[in-house]
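A.B. asks: Next comes start.txt, compact mmCIF, C-alpha atoms:
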# COMPACT_ATOMS: atom_id res chain seq x y z
CA MET A 78 52.41 28.73 -30.22
CA SER A 79 53.37 32.40 -30.19
CA ASP A 80 51.83 34.93 -32.56
CA PHE A 81 55.27 35.46 -34.13
CA VAL A 82 55.65 31.78 -35.04
CA ARG A 83 52.04 31.62 -36.23
CA GLY A 84 52.70 34.65 -38.44
CA LEU A 85 55.83 33.07 -39.92
CA ARG A 86 53.89 29.90 -40.71
CA LEU A 87 51.45 32.00 -42.74
CA TRP A 88 54.36 33.28 -44.83
CA ILE A 89 55.27 29.74 -45.83
CA SER A 90 51.77 28.29 -46.01
CA PRO A 91 49.40 31.09 -47.05
CA ARG A 92 46.51 28.71 -47.67
CA ARG A 93 46.01 28.74 -43.89
CA ILE A 94 44.79 32.31 -44.29
CA ARG A 95 41.70 30.91 -45.99
CA GLU A 96 40.67 29.41 -42.66
CA GLU A 97 40.08 32.91 -41.28
CA GLY A 98 37.01 35.01 -41.86
CA ASP A 99 35.21 35.44 -45.18
CA THR A 100 36.65 35.51 -48.66
CA PRO A 101 37.08 39.15 -49.72
CA ASP A 102 36.28 40.48 -53.17
CA TYR A 103 38.99 39.02 -55.41
CA ARG A 104 39.87 42.51 -56.69
CA PHE A 105 41.07 43.47 -53.21
CA SER A 106 43.19 40.31 -52.97
CA LEU A 107 44.68 41.02 -56.38
CA ALA A 108 45.40 44.62 -55.38
CA ASN A 109 47.13 43.31 -52.26
CA GLU A 110 49.21 41.00 -54.45
CA ARG A 111 50.16 43.86 -56.78
CA THR A 112 51.30 45.85 -53.76
CA PHE A 113 53.38 42.87 -52.65
CA LEU A 114 54.99 42.65 -56.08
CA ALA A 115 55.76 46.39 -56.03
CA TRP A 116 57.56 45.94 -52.72
CA ILE A 117 59.51 43.00 -54.17
CA ARG A 118 60.52 45.11 -57.18
CA THR A 119 61.69 47.81 -54.77
CA ALA A 120 63.68 45.22 -52.82
CA LEU A 121 65.33 43.95 -56.00
CA ALA A 122 66.20 47.50 -57.05
CA LEU A 123 67.79 48.18 -53.65
CA VAL A 124 69.81 44.96 -53.82
CA GLY A 125 70.89 45.82 -57.37
CA GLY A 126 71.86 49.31 -56.24
CA GLY A 127 73.92 47.87 -53.40
CA PHE A 128 75.84 45.63 -55.77
CA ALA A 129 76.26 48.48 -58.25
CA VAL A 130 77.75 50.76 -55.60
CA ASP A 131 80.19 48.03 -54.57
CA GLN A 132 81.18 46.98 -58.09
CA PHE A 133 81.13 50.22 -60.06
CA LEU A 134 82.70 52.61 -57.58
CA PRO A 135 86.10 50.99 -56.95
CA ASP A 136 87.84 54.36 -56.54
CA LEU A 137 85.59 55.30 -53.65
CA ARG A 138 87.12 54.90 -50.21
CA TRP A 139 86.54 51.32 -49.03
CA GLY A 140 84.60 52.21 -45.87
CA VAL A 141 82.29 54.63 -47.67
CA ARG A 142 81.69 52.23 -50.57
CA VAL A 143 81.01 49.24 -48.34
CA GLY A 144 78.85 51.30 -45.97
CA MET A 145 76.61 52.55 -48.78
CA ALA A 146 76.46 49.11 -50.40
CA LEU A 147 75.56 47.40 -47.12
CA ALA A 148 72.92 50.01 -46.35
CA LEU A 149 71.25 49.38 -49.72
CA LEU A 150 71.56 45.60 -49.41
CA ALA A 151 70.12 45.62 -45.90
CA ALA A 152 67.26 47.88 -47.01
CA GLY A 153 66.54 45.46 -49.87
CA ALA A 154 66.51 42.45 -47.56
CA LEU A 155 64.24 44.21 -45.06
CA CYS A 156 61.96 45.37 -47.85
CA ALA A 157 61.55 41.81 -49.16
CA LEU A 158 60.76 40.46 -45.69
CA ARG A 159 58.40 43.33 -44.98
CA ALA A 160 56.61 42.71 -48.29
CA VAL A 161 55.49 39.22 -47.36
CA ASN A 162 54.65 40.28 -43.81
CA HIS A 163 52.52 43.16 -45.06
CA TRP A 164 50.78 40.93 -47.63
CA VAL A 165 49.81 38.41 -44.93
CA ARG A 166 48.66 41.10 -42.51
CA CYS A 167 46.51 42.82 -45.16
CA GLU A 168 45.00 39.56 -46.41
CA ARG A 169 44.08 38.55 -42.86
CA ALA A 170 42.58 41.97 -42.13
CA MET A 171 40.46 41.85 -45.31
CA ARG A 172 39.19 38.38 -44.46
CA ARG A 173 38.31 39.48 -40.93
CA GLY A 174 36.65 42.71 -42.04
CA GLU A 175 39.19 44.80 -40.09
CA ASP A 176 40.98 48.00 -41.00
CA LEU A 177 44.14 47.48 -43.02
CA PRO A 178 47.30 47.56 -40.91
CA MET A 179 49.39 50.71 -40.77
CA SER A 180 53.16 50.63 -40.97
CA ARG A 181 56.10 52.94 -40.36
CA PHE A 182 58.27 50.89 -42.71
CA PRO A 183 57.70 53.05 -45.83
CA ALA A 184 58.88 56.13 -43.94
CA LEU A 185 61.93 54.32 -42.54
CA LEU A 186 62.80 52.94 -45.97
CA SER A 187 62.47 56.41 -47.49
CA ILE A 188 64.79 57.86 -44.87
CA ALA A 189 67.39 55.12 -45.43
CA VAL A 190 67.32 55.57 -49.21
CA GLY A 191 67.45 59.35 -48.78
CA VAL A 192 70.54 59.10 -46.56
CA VAL A 193 72.33 56.87 -49.08
CA ALA A 194 71.27 59.16 -51.94
CA GLY A 195 72.57 62.16 -50.00
CA ALA A 196 75.88 60.37 -49.50
CA MET A 197 76.01 59.68 -53.23
CA VAL A 198 75.39 63.36 -53.97
CA MET A 199 78.34 64.21 -51.73
CA VAL A 200 80.49 61.67 -53.60
CA VAL A 201 79.52 63.19 -56.94
CA LEU A 202 80.10 66.76 -55.73
CA PHE A 203 83.38 66.20 -53.90
CA GLY A 204 84.95 63.36 -55.87
CA TRP A 205 85.38 59.62 -55.51
CA ARG A 206 88.04 59.61 -52.82
CA GLY A 207 86.20 61.87 -50.35
Transcribe the structure of this file into structure tokens.

C.D. replies:
Amino acid sequence: MSDFVRGLRLWISPRRIREEGDTPDYRFSLANERTFLAWIRTALALVGGGFAVDQFLPDLRWGVRVGMALALLAAGALCALRAVNHWVRCERAMRRGEDLPMSRFPALLSIAVGVVAGAMVMVVLFGWRG
């Protein structure tokens, strides 16, 4: 079985993580869970923002409106998927006594949100129709 499939199985059945290494201090596991929940809140906010752009900016040119909405929705979906992946990777690393995994995802997410926010600033400055 490939590492990718094994990793996906851990998403669905996290109790398998207990089979690896030693049980970490519960405070670290709870901190990992809080981080996961923060990422999920971010994902929900991005999805909500995507729907808000689509629903509350009807005067905006269709392509611009749909582009910004899809960018926010895609960022929300990726953020939710990345949240569970990061939670599993961190939990496994703690159980194995390894360094916590690093990720470029926060930087990429920040850039995506910054681009959409910049587009929204342009919409506000230059009007709804572009």

A.B. asks: Measuring between all atoms listed in the file, which one of A:Val141, A:Leu158, A:Val82, A:Leu150 shows the shortest distance to Ala129 in chain A?

C.D. replies: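 Residue with the minimum atom-to-atom distance to Ala129 in chain A: A:Leu150.
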
A.B. asks: Near Ala152 in chain A, counting only C-alpha atoms, which residues have an atom at most 9 Å away, once you skip same-chain residues fewer than 6 positions from it, shown as a PyMOL selection string?

C.D. replies: chain A and resi 120+123-124+186+189-190

A.B. asks: When distances are computed from only C-alpha atoms, which of A:Ile94, A:Phe105, A:Leu137, A:Val165 shows the smallest separation from Val200 in chain A?

C.D. replies: A:Leu137

A.B. asks: So what do you get for CA of Leu114 in chain A versus CA of Asn162 in chain A, distance-wise?

C.D. replies: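 Rounded to one decimal, the two atoms are 12.5 Å apart.
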
A.B. asks: Kindly compute an axis-aligned box around the listed atoms of range 151-154 of chain A, allowing 8 Å on each side, and express its centre and edge lengths in Å to one decimal as JSON.

C.D. replies:
{"center_x": 68.3, "center_y": 45.2, "center_z": -47.9, "size_x": 19.6, "size_y": 21.4, "size_z": 20.0}

A.B. asks: So, counting all atoms listed in the file, which residue among A:Ala122, A:Glu168, A:Ile188, A:Ile89 is closest to Tyr103 in chain A?

C.D. replies: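 With all atoms listed in the file as the atom set, the closest residue is A:Glu168.
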
A.B. asks: Would you mind putting N, CA and C atoms back on range 82-105 of chain A and writing the result as an mmCIF file, in the frame of the given file?

C.D. replies:
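File written: rebuild-v9.cif
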data_model
loop_
_atom_site.group_PDB
_atom_site.id
_atom_site.type_symbol
_atom_site.label_atom_id
_atom_site.label_comp_id
_atom_site.auth_asym_id
_atom_site.auth_seq_id
_atom_site.Cartn_x
_atom_site.Cartn_y
_atom_site.Cartn_z
ATOM 1 N N VAL A 82 55.477 33.042 -34.318
ATOM 2 C CA VAL A 82 55.650 31.780 -35.040
ATOM 3 C C VAL A 82 54.448 31.510 -35.934
ATOM 4 N N ARG A 83 53.255 31.799 -35.434
ATOM 5 C CA ARG A 83 52.040 31.620 -36.230
ATOM 6 C C ARG A 83 52.088 32.509 -37.475
ATOM 7 N N GLY A 84 52.573 33.740 -37.303
ATOM 8 C CA GLY A 84 52.700 34.650 -38.440
ATOM 9 C C GLY A 84 53.704 34.156 -39.464
ATOM 10 N N LEU A 85 54.829 33.611 -38.994
ATOM 11 C CA LEU A 85 55.830 33.070 -39.920
ATOM 12 C C LEU A 85 55.286 31.867 -40.682
ATOM 13 N N ARG A 86 54.483 31.057 -40.024
ATOM 14 C CA ARG A 86 53.890 29.900 -40.710
ATOM 15 C C ARG A 86 52.979 30.350 -41.840
ATOM 16 N N LEU A 87 52.320 31.480 -41.673
ATOM 17 C CA LEU A 87 51.450 32.000 -42.740
ATOM 18 C C LEU A 87 52.263 32.451 -43.945
ATOM 19 N N TRP A 88 53.498 32.897 -43.713
ATOM 20 C CA TRP A 88 54.360 33.280 -44.830
ATOM 21 C C TRP A 88 54.622 32.077 -45.728
ATOM 22 N N ILE A 89 54.866 30.940 -45.108
ATOM 23 C CA ILE A 89 55.270 29.740 -45.830
ATOM 24 C C ILE A 89 54.063 28.969 -46.357
ATOM 25 N N SER A 90 52.969 29.026 -45.639
ATOM 26 C CA SER A 90 51.770 28.290 -46.010
ATOM 27 C C SER A 90 50.565 29.237 -46.031
ATOM 28 N N PRO A 91 50.470 30.094 -47.050
ATOM 29 C CA PRO A 91 49.400 31.090 -47.050
ATOM 30 C C PRO A 91 47.997 30.525 -47.175
ATOM 31 N N ARG A 92 47.868 29.263 -47.559
ATOM 32 C CA ARG A 92 46.510 28.710 -47.670
ATOM 33 C C ARG A 92 45.820 28.654 -46.310
ATOM 34 N N ARG A 93 46.600 28.711 -45.226
ATOM 35 C CA ARG A 93 46.010 28.740 -43.890
ATOM 36 C C ARG A 93 45.214 30.024 -43.660
ATOM 37 N N ILE A 94 45.528 31.050 -44.418
ATOM 38 C CA ILE A 94 44.790 32.310 -44.290
ATOM 39 C C ILE A 94 43.328 32.097 -44.648
ATOM 40 N N ARG A 95 43.074 31.182 -45.568
ATOM 41 C CA ARG A 95 41.700 30.910 -45.990
ATOM 42 C C ARG A 95 40.818 30.413 -44.860
ATOM 43 N N GLU A 96 41.441 29.918 -43.802
ATOM 44 C CA GLU A 96 40.670 29.410 -42.660
ATOM 45 C C GLU A 96 40.091 30.538 -41.817
ATOM 46 N N GLU A 97 40.525 31.767 -42.079
ATOM 47 C CA GLU A 97 40.080 32.910 -41.280
ATOM 48 C C GLU A 97 39.031 33.720 -42.023
ATOM 49 N N GLY A 98 37.994 34.075 -41.345
ATOM 50 C CA GLY A 98 37.010 35.010 -41.860
ATOM 51 C C GLY A 98 36.372 34.610 -43.177
ATOM 52 N N ASP A 99 35.902 35.632 -43.900
ATOM 53 C CA ASP A 99 35.210 35.440 -45.180
ATOM 54 C C ASP A 99 36.133 35.808 -46.333
ATOM 55 N N THR A 100 35.867 35.208 -47.472
ATOM 56 C CA THR A 100 36.650 35.510 -48.660
ATOM 57 C C THR A 100 36.322 36.927 -49.130
ATOM 58 N N PRO A 101 37.341 37.789 -49.252
ATOM 59 C CA PRO A 101 37.080 39.150 -49.720
ATOM 60 C C PRO A 101 36.865 39.165 -51.236
ATOM 61 N N ASP A 102 36.396 40.279 -51.726
ATOM 62 C CA ASP A 102 36.280 40.480 -53.170
ATOM 63 C C ASP A 102 37.660 40.224 -53.781
ATOM 64 N N TYR A 103 37.711 39.410 -54.834
ATOM 65 C CA TYR A 103 38.990 39.020 -55.410
ATOM 66 C C TYR A 103 39.805 40.222 -55.881
ATOM 67 N N ARG A 104 39.124 41.320 -56.242
ATOM 68 C CA ARG A 104 39.870 42.510 -56.690
ATOM 69 C C ARG A 104 40.738 43.067 -55.578
ATOM 70 N N PHE A 105 40.273 42.987 -54.335
ATOM 71 C CA PHE A 105 41.070 43.470 -53.210
ATOM 72 C C PHE A 105 42.280 42.558 -52.977
#
